Amino acid sequence: MGCSSTESISDQNKVNQLTTTKNYKALIDIYKSKIVNDPSDWESQIRLSQAYLDYKDIESANFYIDRVLLLSGSNSGKAYFLKGEILSEQLNFESALEKYEMAKYYGYNNAKLYLKMGVANAQIRQYEEAIDLFNQARLRGYDDNTIKNNLAVVHLYQGEYQKSVNILQPVYEIDSTDKKIESNLKIALSLLDELNRNSDPNSTSLVTGESDIDDSSVNDIEYSEITAQEYFLSQEKIENISAEEENKKYYVQVGSYPTFEEALEKRQELVSTGLEVDIRQSKLNNSETWFRLLNGEFNSYRQAQGYALNKQELNGLEYFIQVIR
């Protein structure tokens, strides 16, 4: 009995360590071995689905959570919540909200649920609902800065740039190390400045090619520690900010290097996996030249992200959507 208990504690400590270090591949191996030993271990299948979702293997995550929902014979709020997260990753926000409601019905009623419901509502332009849900998440103890960031982004969605600045500026002044707050504040200030210049008939603006701010990020509700892969929840760009928007193209960027030789070496490595990659030279505002590795070419952010989510060769790679004028 004592040995079994010790092994259980040891296993849990290992899982905690792997979760903390984001070693999702190792977590997948652990939970798969449990399921091999017991195919009706539904809790392990829920955890396996979560590990696959964190690993960005959406198809596998969906496979296991569907098994739980169809075959377990029990109604797990956690399982419905996870199904909602998967549907959100697939940009099916209306169906995601249905699953979130089921999760709440079956007792999964924590702050993260309300946050995710707010995100989904923002994506389908139900802004008042989104704001209410974000505040409900705050009342349930969710991090204040995360809530404020999401509220600010909802205002960006609606073109209310000054409101976004009013929310983010005090947060940034207190803690200037939060890169997500800093990024969204820069976007809000940039869009506010552009709006003011466009409304002033005496003002002029200089188009210099590529923007130093990826203003497609205005369409991202960021609710966790930001990584390249998390720039995927998006709407169509707020329309008519400037005429140059029509000339933008979107790419999946899988790397950027200061020398052509480094870029070429990495490109050859990626091409060997079946991924088509082009090298494009880019001159930054400080006159430095970098060489970007780009896959695909799309007319909208949504097209690019939909492609990336379903491109098997991108699984396990760090990448993000790059906008180029």
# chains A, B, ... in the order shown; residues from 1 in each chain; ligands from 1
$ closest_atom_pairs --of "stretch 33-131 of chain A" --to "stretch 141-146 of chain A" --cutoff "10 Å" --atoms "only C-alpha atoms" --output "Markdown table"
| residue | atom | partner | partner_atom | distance |
| --- | --- | --- | --- | --- |
| A:Asn110 | CA | A:Gly141 | CA | 9.0 |
| A:Ala111 | CA | A:Tyr142 | CA | 5.9 |
| A:Lys112 | CA | A:Tyr142 | CA | 7.3 |
| A:Tyr114 | CA | A:Tyr142 | CA | 9.5 |
| A:Leu115 | CA | A:Tyr142 | CA | 8.3 |
$ write_last_selection --atoms "all heavy atoms" --output "PDB file, in the first residue's frame"
ATOM      1  N   ASN A 110     -15.476  27.718 -13.399  1.00  0.00           N
ATOM      2  CA  ASN A 110     -14.361  28.513 -12.893  1.00  0.00           C
ATOM      3  C   ASN A 110     -14.105  29.752 -13.750  1.00  0.00           C
ATOM      4  O   ASN A 110     -14.765  29.983 -14.771  1.00  0.00           O
ATOM      5  CB  ASN A 110     -13.094  27.659 -12.774  1.00  0.00           C
ATOM      6  CG  ASN A 110     -12.639  27.112 -14.112  1.00  0.00           C
ATOM      7  OD1 ASN A 110     -13.008  27.620 -15.169  1.00  0.00           O
ATOM      8  ND2 ASN A 110     -11.831  26.062 -14.076  1.00  0.00           N
ATOM      9  N   ALA A 111     -13.131  30.541 -13.334  1.00  0.00           N
ATOM     10  CA  ALA A 111     -12.855  31.820 -13.996  1.00  0.00           C
ATOM     11  C   ALA A 111     -12.415  31.639 -15.440  1.00  0.00           C
ATOM     12  O   ALA A 111     -12.772  32.433 -16.318  1.00  0.00           O
ATOM     13  CB  ALA A 111     -11.786  32.583 -13.214  1.00  0.00           C
ATOM     14  N   LYS A 112     -11.643  30.585 -15.709  1.00  0.00           N
ATOM     15  CA  LYS A 112     -11.129  30.378 -17.061  1.00  0.00           C
ATOM     16  C   LYS A 112     -12.260  30.131 -18.049  1.00  0.00           C
ATOM     17  O   LYS A 112     -12.194  30.543 -19.211  1.00  0.00           O
ATOM     18  CB  LYS A 112     -10.153  29.206 -17.081  1.00  0.00           C
ATOM     19  CG  LYS A 112      -9.425  29.050 -18.406  1.00  0.00           C
ATOM     20  CD  LYS A 112      -8.386  27.939 -18.341  1.00  0.00           C
ATOM     21  CE  LYS A 112      -7.643  27.819 -19.669  1.00  0.00           C
ATOM     22  NZ  LYS A 112      -6.635  26.722 -19.632  1.00  0.00           N
ATOM     23  N   TYR A 114     -15.256  31.487 -18.005  1.00  0.00           N
ATOM     24  CA  TYR A 114     -15.846  32.777 -18.370  1.00  0.00           C
ATOM     25  C   TYR A 114     -14.904  33.572 -19.274  1.00  0.00           C
ATOM     26  O   TYR A 114     -15.351  34.285 -20.179  1.00  0.00           O
ATOM     27  CB  TYR A 114     -16.197  33.559 -17.107  1.00  0.00           C
ATOM     28  CG  TYR A 114     -17.398  32.991 -16.397  1.00  0.00           C
ATOM     29  CD1 TYR A 114     -17.255  32.015 -15.418  1.00  0.00           C
ATOM     30  CD2 TYR A 114     -18.686  33.398 -16.736  1.00  0.00           C
ATOM     31  CE1 TYR A 114     -18.359  31.467 -14.785  1.00  0.00           C
ATOM     32  CE2 TYR A 114     -19.798  32.860 -16.106  1.00  0.00           C
ATOM     33  CZ  TYR A 114     -19.622  31.888 -15.134  1.00  0.00           C
ATOM     34  OH  TYR A 114     -20.726  31.344 -14.528  1.00  0.00           O
ATOM     35  N   LEU A 115     -13.611  33.430 -19.038  1.00  0.00           N
ATOM     36  CA  LEU A 115     -12.648  34.101 -19.908  1.00  0.00           C
ATOM     37  C   LEU A 115     -12.760  33.579 -21.341  1.00  0.00           C
ATOM     38  O   LEU A 115     -12.835  34.360 -22.296  1.00  0.00           O
ATOM     39  CB  LEU A 115     -11.235  33.881 -19.384  1.00  0.00           C
ATOM     40  CG  LEU A 115     -10.154  34.656 -20.133  1.00  0.00           C
ATOM     41  CD1 LEU A 115     -10.121  36.102 -19.680  1.00  0.00           C
ATOM     42  CD2 LEU A 115      -8.794  34.014 -19.947  1.00  0.00           C
TER      43      LEU A 115
END
$ residues_around --residues "A:Lys56" --least-positions-apart "6" --cutoff "10 Å" --atoms "only C-alpha atoms" --output "list in words"
Tyr24, Gln50, Ile86, Glu89, Gln229, Glu230, Leu309, Leu314, Asn315, Gly316 and Leu317 of chain A
$ write_last_selection --atoms "N, CA, C and O atoms" --output "tab-separated table (two decimals), in the first residue's frame"
chain	number	residue	atom	x	y	z
A	24	TYR	N	5.03	18.79	-23.51
A	24	TYR	CA	3.76	18.15	-23.83
A	24	TYR	C	3.95	16.79	-24.49
A	24	TYR	O	3.13	15.89	-24.32
A	50	GLN	N	-6.01	17.22	-23.52
A	50	GLN	CA	-5.46	18.53	-23.14
A	50	GLN	C	-4.00	18.65	-23.56
A	50	GLN	O	-3.57	19.70	-24.06
A	86	ILE	N	-11.20	23.25	-28.22
A	86	ILE	CA	-10.81	22.69	-29.52
A	86	ILE	C	-11.61	23.36	-30.64
A	86	ILE	O	-11.05	23.73	-31.68
A	89	GLU	N	-10.19	26.69	-31.37
A	89	GLU	CA	-8.98	26.58	-32.18
A	89	GLU	C	-9.31	26.37	-33.65
A	89	GLU	O	-8.57	26.79	-34.54
A	229	GLN	N	2.65	30.74	-31.55
A	229	GLN	CA	1.51	29.94	-31.99
A	229	GLN	C	0.17	30.52	-31.57
A	229	GLN	O	-0.85	30.16	-32.13
A	230	GLU	N	0.17	31.40	-30.57
A	230	GLU	CA	-1.10	31.85	-30.03
A	230	GLU	C	-1.72	33.00	-30.80
A	230	GLU	O	-2.79	33.48	-30.45
A	309	LEU	N	-3.33	26.11	-39.15
A	309	LEU	CA	-3.91	25.17	-38.20
A	309	LEU	C	-4.03	23.77	-38.79
A	309	LEU	O	-4.00	22.78	-38.06
A	314	LEU	N	3.63	21.88	-40.19
A	314	LEU	CA	3.92	22.95	-39.23
A	314	LEU	C	3.82	22.48	-37.78
A	314	LEU	O	4.20	23.22	-36.87
A	315	ASN	N	3.29	21.27	-37.56
A	315	ASN	CA	3.15	20.76	-36.19
A	315	ASN	C	4.51	20.71	-35.51
A	315	ASN	O	5.48	20.17	-36.04
A	316	GLY	N	4.59	21.27	-34.32
A	316	GLY	CA	5.83	21.25	-33.56
A	316	GLY	C	6.77	22.39	-33.86
A	316	GLY	O	7.78	22.55	-33.17
A	317	LEU	N	6.47	23.19	-34.90
A	317	LEU	CA	7.33	24.33	-35.25
A	317	LEU	C	6.80	25.59	-34.59
A	317	LEU	O	5.60	25.76	-34.41
$ select_by_dssp --residues "stretch 67-183 of chain A" --states "helix (DSSP H, G or I)" --output "PyMOL selection string"
chain A and resi 67-71+77-89+93-105+111-123+127-139+144-157+161-174+179-183
$ residues_around --residues "A:Lys83" --least-positions-apart "3" --cutoff "7 Å" --atoms "only C-alpha atoms" --output "list of chain:residue names"
A:Ile65, A:Ala79, A:Tyr80, A:Ile86, A:Leu87, A:Lys99
$ residues_around --residues "A:Gln162" --least-positions-apart "2" --cutoff "10 Å" --atoms "only C-alpha atoms" --output "PDB file with N, CA and C atoms, in the first residue's frame"
ATOM      1  N   ALA A 152      -9.380  45.857 -23.357  1.00  0.00           N
ATOM      2  CA  ALA A 152      -8.787  46.835 -24.268  1.00  0.00           C
ATOM      3  C   ALA A 152      -8.851  46.351 -25.708  1.00  0.00           C
ATOM      4  N   HIS A 155     -12.226  46.823 -27.202  1.00  0.00           N
ATOM      5  CA  HIS A 155     -12.401  48.211 -27.648  1.00  0.00           C
ATOM      6  C   HIS A 155     -11.673  48.453 -28.971  1.00  0.00           C
ATOM      7  N   LEU A 156     -10.524  47.808 -29.156  1.00  0.00           N
ATOM      8  CA  LEU A 156      -9.836  47.913 -30.445  1.00  0.00           C
ATOM      9  C   LEU A 156     -10.695  47.334 -31.559  1.00  0.00           C
ATOM     10  N   GLY A 159     -13.043  49.840 -32.735  1.00  0.00           N
ATOM     11  CA  GLY A 159     -12.491  51.103 -33.187  1.00  0.00           C
ATOM     12  C   GLY A 159     -12.425  52.155 -32.102  1.00  0.00           C
ATOM     13  N   GLU A 160     -12.559  51.743 -30.848  1.00  0.00           N
ATOM     14  CA  GLU A 160     -12.524  52.684 -29.720  1.00  0.00           C
ATOM     15  C   GLU A 160     -11.100  52.722 -29.159  1.00  0.00           C
ATOM     16  N   SER A 164      -9.043  51.964 -25.311  1.00  0.00           N
ATOM     17  CA  SER A 164      -7.988  50.964 -25.138  1.00  0.00           C
ATOM     18  C   SER A 164      -6.760  51.582 -24.480  1.00  0.00           C
ATOM     19  N   VAL A 165      -6.379  52.758 -24.960  1.00  0.00           N
ATOM     20  CA  VAL A 165      -5.225  53.449 -24.378  1.00  0.00           C
ATOM     21  C   VAL A 165      -5.483  53.767 -22.909  1.00  0.00           C
ATOM     22  N   ASN A 166      -6.690  54.215 -22.593  1.00  0.00           N
ATOM     23  CA  ASN A 166      -7.021  54.574 -21.213  1.00  0.00           C
ATOM     24  C   ASN A 166      -6.921  53.380 -20.270  1.00  0.00           C
ATOM     25  N   ILE A 167      -7.213  52.189 -20.774  1.00  0.00           N
ATOM     26  CA  ILE A 167      -7.117  50.981 -19.951  1.00  0.00           C
ATOM     27  C   ILE A 167      -5.669  50.521 -19.818  1.00  0.00           C
ATOM     28  N   LEU A 168      -4.937  50.521 -20.933  1.00  0.00           N
ATOM     29  CA  LEU A 168      -3.606  49.911 -20.952  1.00  0.00           C
ATOM     30  C   LEU A 168      -2.506  50.817 -20.413  1.00  0.00           C
ATOM     31  N   ALA A 188      -2.647  50.264 -30.060  1.00  0.00           N
ATOM     32  CA  ALA A 188      -3.722  51.222 -29.801  1.00  0.00           C
ATOM     33  C   ALA A 188      -3.266  52.651 -30.083  1.00  0.00           C
ATOM     34  N   LEU A 189      -2.061  52.992 -29.633  1.00  0.00           N
ATOM     35  CA  LEU A 189      -1.540  54.340 -29.870  1.00  0.00           C
ATOM     36  C   LEU A 189      -1.313  54.589 -31.358  1.00  0.00           C
ATOM     37  N   LEU A 191      -2.900  53.129 -33.929  1.00  0.00           N
ATOM     38  CA  LEU A 191      -4.183  53.261 -34.614  1.00  0.00           C
ATOM     39  C   LEU A 191      -4.867  54.578 -34.260  1.00  0.00           C
ATOM     40  N   LEU A 192      -4.724  55.000 -33.008  1.00  0.00           N
ATOM     41  CA  LEU A 192      -5.306  56.279 -32.598  1.00  0.00           C
ATOM     42  C   LEU A 192      -4.638  57.425 -33.340  1.00  0.00           C
ATOM     43  N   ASP A 193      -3.314  57.360 -33.451  1.00  0.00           N
ATOM     44  CA  ASP A 193      -2.583  58.398 -34.177  1.00  0.00           C
ATOM     45  C   ASP A 193      -2.980  58.415 -35.649  1.00  0.00           C
TER      46      ASP A 193
END
$ atom_distance --atom1 "atom CA of A:Lys14" --atom2 "atom CA of A:Ser74"
28.1 Å
$ residues_around --residues "A:Ala51" --least-positions-apart "3" --cutoff "12 Å" --atoms "only C-alpha atoms" --output "MDAnalysis selection string"
chainID A and resid 15 18:19 22:32 44:48 54:58 60:62 64:65 82 86
$ write_last_selection --atoms "N, CA, C and O atoms" --output "compact mmCIF listing (two decimals), in the first residue's frame"
# COMPACT_ATOMS: atom_id res chain seq x y z
N VAL A 15 4.36 14.52 -13.60
CA VAL A 15 3.38 15.21 -14.45
C VAL A 15 3.44 16.72 -14.20
O VAL A 15 3.42 17.52 -15.14
N LEU A 18 6.55 18.14 -15.85
CA LEU A 18 6.44 18.20 -17.31
C LEU A 18 5.46 19.29 -17.74
O LEU A 18 5.67 19.96 -18.76
N THR A 19 4.40 19.48 -16.96
CA THR A 19 3.44 20.53 -17.28
C THR A 19 4.08 21.90 -17.12
O THR A 19 3.90 22.79 -17.97
N LYS A 22 6.34 22.61 -19.89
CA LYS A 22 5.63 22.54 -21.18
C LYS A 22 6.19 21.44 -22.08
O LYS A 22 6.26 21.59 -23.30
N ASN A 23 6.56 20.33 -21.46
CA ASN A 23 7.03 19.17 -22.21
C ASN A 23 5.82 18.31 -22.57
O ASN A 23 5.59 17.23 -22.00
N TYR A 24 5.03 18.79 -23.51
CA TYR A 24 3.76 18.15 -23.83
C TYR A 24 3.95 16.79 -24.49
O TYR A 24 3.13 15.89 -24.32
N LYS A 25 5.04 16.63 -25.23
CA LYS A 25 5.30 15.34 -25.87
C LYS A 25 5.47 14.25 -24.83
O LYS A 25 4.93 13.13 -24.98
N ALA A 26 6.19 14.54 -23.76
CA ALA A 26 6.38 13.55 -22.70
C ALA A 26 5.06 13.28 -21.97
O ALA A 26 4.77 12.13 -21.60
N LEU A 27 4.25 14.31 -21.77
CA LEU A 27 2.94 14.12 -21.14
C LEU A 27 2.06 13.22 -22.00
O LEU A 27 1.34 12.34 -21.49
N ILE A 28 2.10 13.43 -23.31
CA ILE A 28 1.33 12.59 -24.22
C ILE A 28 1.73 11.12 -24.06
O ILE A 28 0.88 10.23 -23.99
N ASP A 29 3.03 10.86 -23.99
CA ASP A 29 3.51 9.48 -23.84
C ASP A 29 3.00 8.86 -22.54
O ASP A 29 2.62 7.67 -22.51
N ILE A 30 3.00 9.64 -21.46
CA ILE A 30 2.54 9.12 -20.17
C ILE A 30 1.07 8.72 -20.24
O ILE A 30 0.67 7.61 -19.84
N TYR A 31 0.23 9.62 -20.75
CA TYR A 31 -1.21 9.35 -20.76
C TYR A 31 -1.58 8.27 -21.77
O TYR A 31 -2.51 7.49 -21.55
N LYS A 32 -0.85 8.19 -22.88
CA LYS A 32 -1.13 7.13 -23.85
C LYS A 32 -0.83 5.76 -23.25
O LYS A 32 -1.56 4.79 -23.49
N SER A 44 -7.72 9.90 -17.90
CA SER A 44 -6.44 9.99 -18.62
C SER A 44 -6.66 10.44 -20.06
O SER A 44 -5.82 11.14 -20.64
N GLN A 45 -7.80 10.06 -20.65
CA GLN A 45 -8.08 10.49 -22.02
C GLN A 45 -8.39 11.98 -22.08
O GLN A 45 -8.03 12.65 -23.06
N ILE A 46 -9.05 12.50 -21.05
CA ILE A 46 -9.26 13.95 -20.99
C ILE A 46 -7.92 14.67 -20.88
O ILE A 46 -7.66 15.66 -21.59
N ARG A 47 -7.05 14.15 -20.03
CA ARG A 47 -5.74 14.78 -19.86
C ARG A 47 -4.88 14.62 -21.11
O ARG A 47 -4.10 15.52 -21.46
N LEU A 48 -5.03 13.50 -21.80
CA LEU A 48 -4.30 13.30 -23.05
C LEU A 48 -4.78 14.30 -24.10
O LEU A 48 -3.98 14.88 -24.84
N ASP A 54 -2.44 21.41 -26.09
CA ASP A 54 -1.30 22.27 -25.75
C ASP A 54 -0.16 22.09 -26.74
O ASP A 54 0.60 23.02 -27.00
N TYR A 55 -0.06 20.88 -27.30
CA TYR A 55 0.99 20.56 -28.27
C TYR A 55 0.62 21.03 -29.68
O TYR A 55 1.39 20.90 -30.62
N LYS A 56 -0.59 21.58 -29.81
CA LYS A 56 -1.13 22.09 -31.08
C LYS A 56 -1.46 20.98 -32.08
O LYS A 56 -1.51 21.24 -33.28
N ASP A 57 -1.67 19.77 -31.59
CA ASP A 57 -2.15 18.68 -32.44
C ASP A 57 -3.67 18.62 -32.24
O ASP A 57 -4.18 17.84 -31.43
N ILE A 58 -4.38 19.44 -32.99
CA ILE A 58 -5.81 19.63 -32.78
C ILE A 58 -6.59 18.36 -33.13
O ILE A 58 -7.55 17.99 -32.44
N SER A 60 -5.72 15.18 -32.97
CA SER A 60 -5.61 14.15 -31.93
C SER A 60 -6.37 14.56 -30.68
O SER A 60 -7.03 13.73 -30.04
N ALA A 61 -6.29 15.83 -30.32
CA ALA A 61 -7.04 16.32 -29.16
C ALA A 61 -8.53 16.09 -29.35
O ALA A 61 -9.24 15.64 -28.44
N ASN A 62 -9.00 16.36 -30.55
CA ASN A 62 -10.42 16.20 -30.86
C ASN A 62 -10.83 14.73 -30.82
O ASN A 62 -11.91 14.38 -30.33
N TYR A 64 -9.64 12.21 -29.01
CA TYR A 64 -9.76 11.64 -27.67
C TYR A 64 -10.91 12.27 -26.88
O TYR A 64 -11.60 11.57 -26.13
N ILE A 65 -11.13 13.56 -27.05
CA ILE A 65 -12.22 14.16 -26.27
C ILE A 65 -13.57 13.70 -26.81
O ILE A 65 -14.54 13.55 -26.04
N LEU A 82 -13.13 21.37 -22.63
CA LEU A 82 -12.02 21.07 -23.52
C LEU A 82 -12.50 21.00 -24.97
O LEU A 82 -11.82 21.48 -25.89
N ILE A 86 -11.20 23.25 -28.22
CA ILE A 86 -10.81 22.69 -29.52
C ILE A 86 -11.61 23.36 -30.64
O ILE A 86 -11.05 23.73 -31.68
$ residues_around --residues "stretch 271-275 of chain A" --least-positions-apart "6" --cutoff "10 Å" --atoms "only C-alpha atoms" --output "list in words"
Asn295, Gly296, Lys311, Gln312, Glu313 and Leu314 of chain A
$ closest_residue --among "A:Tyr257, A:Gln268, A:Tyr127, A:Glu94" --to "A:Gln158" --atoms "only C-alpha atoms"
A:Tyr127
$ closest_residue --among "A:Ala308, A:Glu297, A:Lys180, A:Tyr161" --to "A:Leu195" --atoms "only C-alpha atoms"
A:Tyr161
$ atom_distance --atom1 "atom CA of A:Phe291" --atom2 "atom CA of A:Thr259"
6.6 Å
$ closest_residue --among "A:Asp175, A:Leu97, A:Leu185, A:Pro258" --to "A:Lys163" --atoms "only C-alpha atoms"
A:Leu185
$ closest_residue --among "A:Ser76, A:Ala137, A:Gln169, A:Gln123" --to "A:Met102" --atoms "only C-alpha atoms"
A:Ser76
$ atom_distance --atom1 "atom CA of A:Gln90" --atom2 "atom CA of A:Arg302"
11.1 Å
